[in-house]
file entry.txt (compact mmCIF, C-alpha atoms)
# COMPACT_ATOMS: atom_id res chain seq x y z
CA MET V 1 173.56 -32.81 167.17
CA MET V 2 173.90 -34.55 163.83
CA ALA V 3 172.06 -33.51 160.71
CA VAL V 4 170.04 -36.11 158.86
CA GLY V 5 170.43 -36.56 155.11
CA THR V 6 168.98 -38.96 152.58
CA ILE V 7 171.19 -41.09 150.38
CA ARG V 8 169.45 -43.29 147.82
CA GLY V 9 166.23 -43.29 149.80
CA ARG V 10 167.92 -44.19 153.10
CA ARG V 11 168.17 -41.76 155.98
CA LYS V 12 171.72 -41.28 157.18
CA GLU V 13 173.13 -39.14 159.96
CA MET V 14 175.60 -36.57 158.74
CA PRO V 15 178.53 -35.56 160.92
CA ALA V 16 178.16 -32.29 162.77
CA ARG V 17 181.74 -31.25 162.07
CA VAL V 18 183.36 -31.73 158.68
CA GLU V 19 186.95 -30.59 158.22
CA LYS V 20 187.52 -31.20 154.50
CA VAL V 21 185.29 -31.50 151.45
CA LEU V 22 186.42 -32.56 147.97
CA VAL V 23 184.20 -31.61 145.01
CA LEU V 24 184.87 -33.11 141.58
CA GLY V 25 183.63 -31.14 138.60
CA TYR V 26 184.55 -30.17 135.06
CA ALA V 27 183.71 -26.49 135.66
CA ALA V 28 182.65 -25.53 132.17
CA ILE V 29 180.11 -22.73 132.54
CA GLY V 30 177.07 -25.05 132.65
CA ASP V 31 178.73 -27.38 135.16
CA LEU V 32 179.68 -24.49 137.39
CA ILE V 33 176.15 -23.07 137.34
CA PHE V 34 174.79 -26.43 138.51
CA PHE V 35 177.49 -26.71 141.20
CA LEU V 36 176.92 -23.26 142.75
CA PRO V 37 173.88 -24.25 144.88
CA VAL V 38 175.78 -27.31 146.12
CA LEU V 39 178.82 -25.23 147.02
CA GLU V 40 176.60 -22.68 148.77
CA ALA V 41 174.91 -25.42 150.80
CA LEU V 42 178.27 -26.93 151.76
CA ARG V 43 179.57 -23.53 152.87
CA ARG V 44 176.37 -22.82 154.84
CA HIS V 45 176.28 -26.21 156.63
CA TYR V 46 180.03 -26.60 157.15
CA PRO V 47 181.51 -23.08 157.28
CA GLN V 48 184.71 -24.29 158.97
CA ALA V 49 185.43 -26.98 156.33
CA GLN V 50 188.19 -26.58 153.76
CA VAL V 51 186.50 -26.99 150.37
CA THR V 52 188.70 -28.15 147.49
CA PHE V 53 187.32 -28.15 143.94
CA ILE V 54 188.99 -30.34 141.31
CA ALA V 55 188.28 -29.40 137.69
CA ASN V 56 189.62 -28.91 134.19
CA SER V 57 191.36 -25.64 133.42
CA TYR V 58 188.53 -23.60 131.91
CA PRO V 59 188.16 -19.81 132.16
CA THR V 60 185.23 -20.37 134.52
CA THR V 61 187.48 -22.40 136.81
CA ASN V 62 190.32 -19.91 136.74
CA GLU V 63 188.33 -16.66 136.76
CA LEU V 64 184.75 -17.11 137.94
CA LEU V 65 184.97 -19.81 140.61
CA PRO V 66 187.52 -17.99 142.81
CA GLN V 67 185.29 -14.89 142.78
CA THR V 68 182.41 -16.79 144.40
CA GLY V 69 184.30 -17.27 147.66
CA LEU V 70 182.72 -20.71 147.99
CA VAL V 71 185.90 -22.77 147.68
CA ASP V 72 189.23 -22.58 149.48
CA ARG V 73 191.38 -24.39 146.93
CA ILE V 74 191.12 -25.16 143.24
CA GLU V 75 193.13 -28.07 141.83
CA LEU V 76 193.39 -28.27 138.04
CA MET V 77 193.40 -31.62 136.25
CA ASP V 78 193.36 -32.61 132.59
CA TRP V 79 190.68 -35.28 132.16

call {"tool": "encode", "arguments": {"input": "entry.txt", "output": "structure tokens"}}
result
Amino acid sequence: MMAVGTIRGRRKEMPARVEKVLVLGYAAIGDLIFFLPVLEALRRHYPQAQVTFIANSYPTTNELLPQTGLVDRIELMDW
């Protein structure tokens, strides 16, 4: 069974199985706070998916984000 999501007012079927998810974010403390509910929802709906988070190298990225257990990999970029 496929989940149904809404993208820009249009209903779209979401795949039942997702293997990889890429999340782009800066991960300063405010950004990370706003991303946590999204990461929790991704983990809840797709527990088997490998979640990679791409962000700047901030203390929140290096110290706080790994402690949440919501991402599998963190890739650091300088933007």

call {"tool": "closest_residue", "arguments": {"input": "entry.txt", "among": "V:Thr68, V:Val23, V:Thr61, V:Glu13", "to": "Leu42 of chain V", "atoms": "only C-alpha atoms"}}
result
V:Val23

call {"tool": "atom_distance", "arguments": {"input": "entry.txt", "atom1": "atom CA of Ala55 of chain V", "atom2": "atom CA of Arg43 of chain V"}}
result
18.5 Å

call {"tool": "atom_distance", "arguments": {"input": "entry.txt", "atom1": "atom CA of Gln67 of chain V", "atom2": "atom CA of Tyr46 of chain V"}}
result
19.3 Å

call {"tool": "residues_around", "arguments": {"input": "entry.txt", "residues": "Gly25 of chain V", "least_positions_apart": "3", "cutoff": "9 Å", "atoms": "only C-alpha atoms", "output": "MDAnalysis selection string"}}
result
chainID V and resid 28 31:32 35 53:56

call {"tool": "atom_distance", "arguments": {"input": "entry.txt", "atom1": "atom CA of Pro66 of chain V", "atom2": "atom CA of Leu24 of chain V"}}
result
15.4 Å

call {"tool": "closest_residue", "arguments": {"input": "entry.txt", "among": "V:Leu70, V:Val38, V:Ile33, V:Ala16", "to": "Gln50 of chain V", "atoms": "all atoms listed in the file"}}
result
V:Leu70

call {"tool": "residues_around", "arguments": {"input": "entry.txt", "residues": "Gln48 of chain V", "least_positions_apart": "6", "cutoff": "9 Å", "atoms": "all atoms listed in the file", "output": "PyMOL selection string"}}
result
chain V and resi 17-20

call {"tool": "write_last_selection", "arguments": {"input": "entry.txt", "atoms": "C-alpha atoms", "output": "PDB file, keeping the file's coordinate frame"}}
result
ATOM      1  CA  ARG V  17     181.740 -31.250 162.070  1.00  0.00           C
ATOM      2  CA  VAL V  18     183.360 -31.730 158.680  1.00  0.00           C
ATOM      3  CA  GLU V  19     186.950 -30.590 158.220  1.00  0.00           C
ATOM      4  CA  LYS V  20     187.520 -31.200 154.500  1.00  0.00           C
TER       5      LYS V  20
END

call {"tool": "closest_residue", "arguments": {"input": "entry.txt", "among": "V:Ala49, V:Ile74, V:Gly69, V:Trp79", "to": "Leu36 of chain V", "atoms": "all atoms listed in the file"}}
result
V:Gly69

call {"tool": "axis_aligned_box", "arguments": {"input": "entry.txt", "around": "segment 31-44 of chain V", "padding_each_side": "6 Å", "output": "AutoDock Vina command-line options"}}
result
--center_x 176.8 --center_y -25.0 --center_z 145.0 --size_x 17.8 --size_y 16.7 --size_z 31.7

call {"tool": "build_atoms", "arguments": {"input": "entry.txt", "residues": "segment 31-42 of chain V", "atoms": "all heavy atoms", "output": "PDB file, keeping the file's coordinate frame"}}
result
ATOM      1  N   ASP V  31     178.405 -26.587 133.970  1.00  0.00           N
ATOM      2  CA  ASP V  31     178.730 -27.380 135.160  1.00  0.00           C
ATOM      3  C   ASP V  31     178.822 -26.500 136.392  1.00  0.00           C
ATOM      4  O   ASP V  31     178.300 -26.833 137.452  1.00  0.00           O
ATOM      5  CB  ASP V  31     180.052 -28.128 134.981  1.00  0.00           C
ATOM      6  CG  ASP V  31     180.022 -29.122 133.842  1.00  0.00           C
ATOM      7  OD1 ASP V  31     178.961 -29.750 133.634  1.00  0.00           O
ATOM      8  OD2 ASP V  31     181.048 -29.263 133.164  1.00  0.00           O
ATOM      9  N   LEU V  32     179.489 -25.379 136.251  1.00  0.00           N
ATOM     10  CA  LEU V  32     179.680 -24.490 137.390  1.00  0.00           C
ATOM     11  C   LEU V  32     178.343 -23.918 137.873  1.00  0.00           C
ATOM     12  O   LEU V  32     178.095 -23.838 139.078  1.00  0.00           O
ATOM     13  CB  LEU V  32     180.639 -23.354 137.050  1.00  0.00           C
ATOM     14  CG  LEU V  32     180.960 -22.417 138.207  1.00  0.00           C
ATOM     15  CD1 LEU V  32     181.572 -23.192 139.379  1.00  0.00           C
ATOM     16  CD2 LEU V  32     181.899 -21.330 137.760  1.00  0.00           C
ATOM     17  N   ILE V  33     177.465 -23.574 136.955  1.00  0.00           N
ATOM     18  CA  ILE V  33     176.150 -23.070 137.340  1.00  0.00           C
ATOM     19  C   ILE V  33     175.385 -24.105 138.162  1.00  0.00           C
ATOM     20  O   ILE V  33     174.754 -23.788 139.162  1.00  0.00           O
ATOM     21  CB  ILE V  33     175.344 -22.618 136.107  1.00  0.00           C
ATOM     22  CG1 ILE V  33     175.975 -21.342 135.539  1.00  0.00           C
ATOM     23  CG2 ILE V  33     173.874 -22.405 136.441  1.00  0.00           C
ATOM     24  CD1 ILE V  33     175.451 -20.937 134.194  1.00  0.00           C
ATOM     25  N   PHE V  34     175.465 -25.372 137.754  1.00  0.00           N
ATOM     26  CA  PHE V  34     174.790 -26.430 138.510  1.00  0.00           C
ATOM     27  C   PHE V  34     175.471 -26.699 139.851  1.00  0.00           C
ATOM     28  O   PHE V  34     174.824 -27.125 140.798  1.00  0.00           O
ATOM     29  CB  PHE V  34     174.718 -27.722 137.693  1.00  0.00           C
ATOM     30  CG  PHE V  34     173.631 -27.709 136.671  1.00  0.00           C
ATOM     31  CD1 PHE V  34     173.942 -27.687 135.325  1.00  0.00           C
ATOM     32  CD2 PHE V  34     172.295 -27.704 137.047  1.00  0.00           C
ATOM     33  CE1 PHE V  34     172.940 -27.667 134.372  1.00  0.00           C
ATOM     34  CE2 PHE V  34     171.286 -27.688 136.107  1.00  0.00           C
ATOM     35  CZ  PHE V  34     171.605 -27.672 134.762  1.00  0.00           C
ATOM     36  N   PHE V  35     176.767 -26.464 139.955  1.00  0.00           N
ATOM     37  CA  PHE V  35     177.490 -26.710 141.200  1.00  0.00           C
ATOM     38  C   PHE V  35     177.317 -25.592 142.232  1.00  0.00           C
ATOM     39  O   PHE V  35     177.485 -25.825 143.427  1.00  0.00           O
ATOM     40  CB  PHE V  35     178.997 -26.864 140.935  1.00  0.00           C
ATOM     41  CG  PHE V  35     179.427 -28.264 140.669  1.00  0.00           C
ATOM     42  CD1 PHE V  35     179.891 -28.625 139.420  1.00  0.00           C
ATOM     43  CD2 PHE V  35     179.384 -29.222 141.661  1.00  0.00           C
ATOM     44  CE1 PHE V  35     180.296 -29.920 139.154  1.00  0.00           C
ATOM     45  CE2 PHE V  35     179.778 -30.525 141.411  1.00  0.00           C
ATOM     46  CZ  PHE V  35     180.240 -30.870 140.154  1.00  0.00           C
ATOM     47  N   LEU V  36     176.994 -24.383 141.813  1.00  0.00           N
ATOM     48  CA  LEU V  36     176.920 -23.260 142.750  1.00  0.00           C
ATOM     49  C   LEU V  36     175.971 -23.492 143.922  1.00  0.00           C
ATOM     50  O   LEU V  36     176.345 -23.241 145.065  1.00  0.00           O
ATOM     51  CB  LEU V  36     176.589 -21.964 142.017  1.00  0.00           C
ATOM     52  CG  LEU V  36     177.728 -21.390 141.181  1.00  0.00           C
ATOM     53  CD1 LEU V  36     177.254 -20.139 140.433  1.00  0.00           C
ATOM     54  CD2 LEU V  36     178.957 -21.078 142.021  1.00  0.00           C
ATOM     55  N   PRO V  37     174.742 -23.998 143.715  1.00  0.00           N
ATOM     56  CA  PRO V  37     173.880 -24.250 144.880  1.00  0.00           C
ATOM     57  C   PRO V  37     174.458 -25.301 145.829  1.00  0.00           C
ATOM     58  O   PRO V  37     174.298 -25.204 147.040  1.00  0.00           O
ATOM     59  CB  PRO V  37     172.565 -24.739 144.260  1.00  0.00           C
ATOM     60  CG  PRO V  37     172.584 -24.231 142.866  1.00  0.00           C
ATOM     61  CD  PRO V  37     174.029 -24.196 142.454  1.00  0.00           C
ATOM     62  N   VAL V  38     175.146 -26.286 145.279  1.00  0.00           N
ATOM     63  CA  VAL V  38     175.780 -27.310 146.120  1.00  0.00           C
ATOM     64  C   VAL V  38     176.903 -26.696 146.945  1.00  0.00           C
ATOM     65  O   VAL V  38     177.006 -26.931 148.149  1.00  0.00           O
ATOM     66  CB  VAL V  38     176.320 -28.469 145.246  1.00  0.00           C
ATOM     67  CG1 VAL V  38     177.121 -29.455 146.079  1.00  0.00           C
ATOM     68  CG2 VAL V  38     175.181 -29.154 144.521  1.00  0.00           C
ATOM     69  N   LEU V  39     177.724 -25.888 146.299  1.00  0.00           N
ATOM     70  CA  LEU V  39     178.820 -25.230 147.020  1.00  0.00           C
ATOM     71  C   LEU V  39     178.286 -24.285 148.079  1.00  0.00           C
ATOM     72  O   LEU V  39     178.842 -24.203 149.187  1.00  0.00           O
ATOM     73  CB  LEU V  39     179.729 -24.493 146.035  1.00  0.00           C
ATOM     74  CG  LEU V  39     180.489 -25.373 145.044  1.00  0.00           C
ATOM     75  CD1 LEU V  39     181.189 -24.511 144.004  1.00  0.00           C
ATOM     76  CD2 LEU V  39     181.467 -26.274 145.760  1.00  0.00           C
ATOM     77  N   GLU V  40     177.206 -23.573 147.769  1.00  0.00           N
ATOM     78  CA  GLU V  40     176.600 -22.680 148.770  1.00  0.00           C
ATOM     79  C   GLU V  40     176.078 -23.456 149.962  1.00  0.00           C
ATOM     80  O   GLU V  40     176.252 -23.044 151.114  1.00  0.00           O
ATOM     81  CB  GLU V  40     175.468 -21.859 148.135  1.00  0.00           C
ATOM     82  CG  GLU V  40     175.954 -20.808 147.179  1.00  0.00           C
ATOM     83  CD  GLU V  40     174.828 -20.119 146.437  1.00  0.00           C
ATOM     84  OE1 GLU V  40     173.741 -20.691 146.284  1.00  0.00           O
ATOM     85  OE2 GLU V  40     175.064 -18.976 146.008  1.00  0.00           O
ATOM     86  N   ALA V  41     175.435 -24.590 149.709  1.00  0.00           N
ATOM     87  CA  ALA V  41     174.910 -25.420 150.800  1.00  0.00           C
ATOM     88  C   ALA V  41     176.048 -25.982 151.657  1.00  0.00           C
ATOM     89  O   ALA V  41     175.954 -26.003 152.889  1.00  0.00           O
ATOM     90  CB  ALA V  41     174.052 -26.553 150.249  1.00  0.00           C
ATOM     91  N   LEU V  42     177.118 -26.434 151.004  1.00  0.00           N
ATOM     92  CA  LEU V  42     178.270 -26.930 151.760  1.00  0.00           C
ATOM     93  C   LEU V  42     178.850 -25.834 152.649  1.00  0.00           C
ATOM     94  O   LEU V  42     179.154 -26.069 153.819  1.00  0.00           O
ATOM     95  CB  LEU V  42     179.361 -27.440 150.811  1.00  0.00           C
ATOM     96  CG  LEU V  42     179.114 -28.779 150.156  1.00  0.00           C
ATOM     97  CD1 LEU V  42     180.157 -29.037 149.080  1.00  0.00           C
ATOM     98  CD2 LEU V  42     179.132 -29.883 151.205  1.00  0.00           C
TER      99      LEU V  42
END
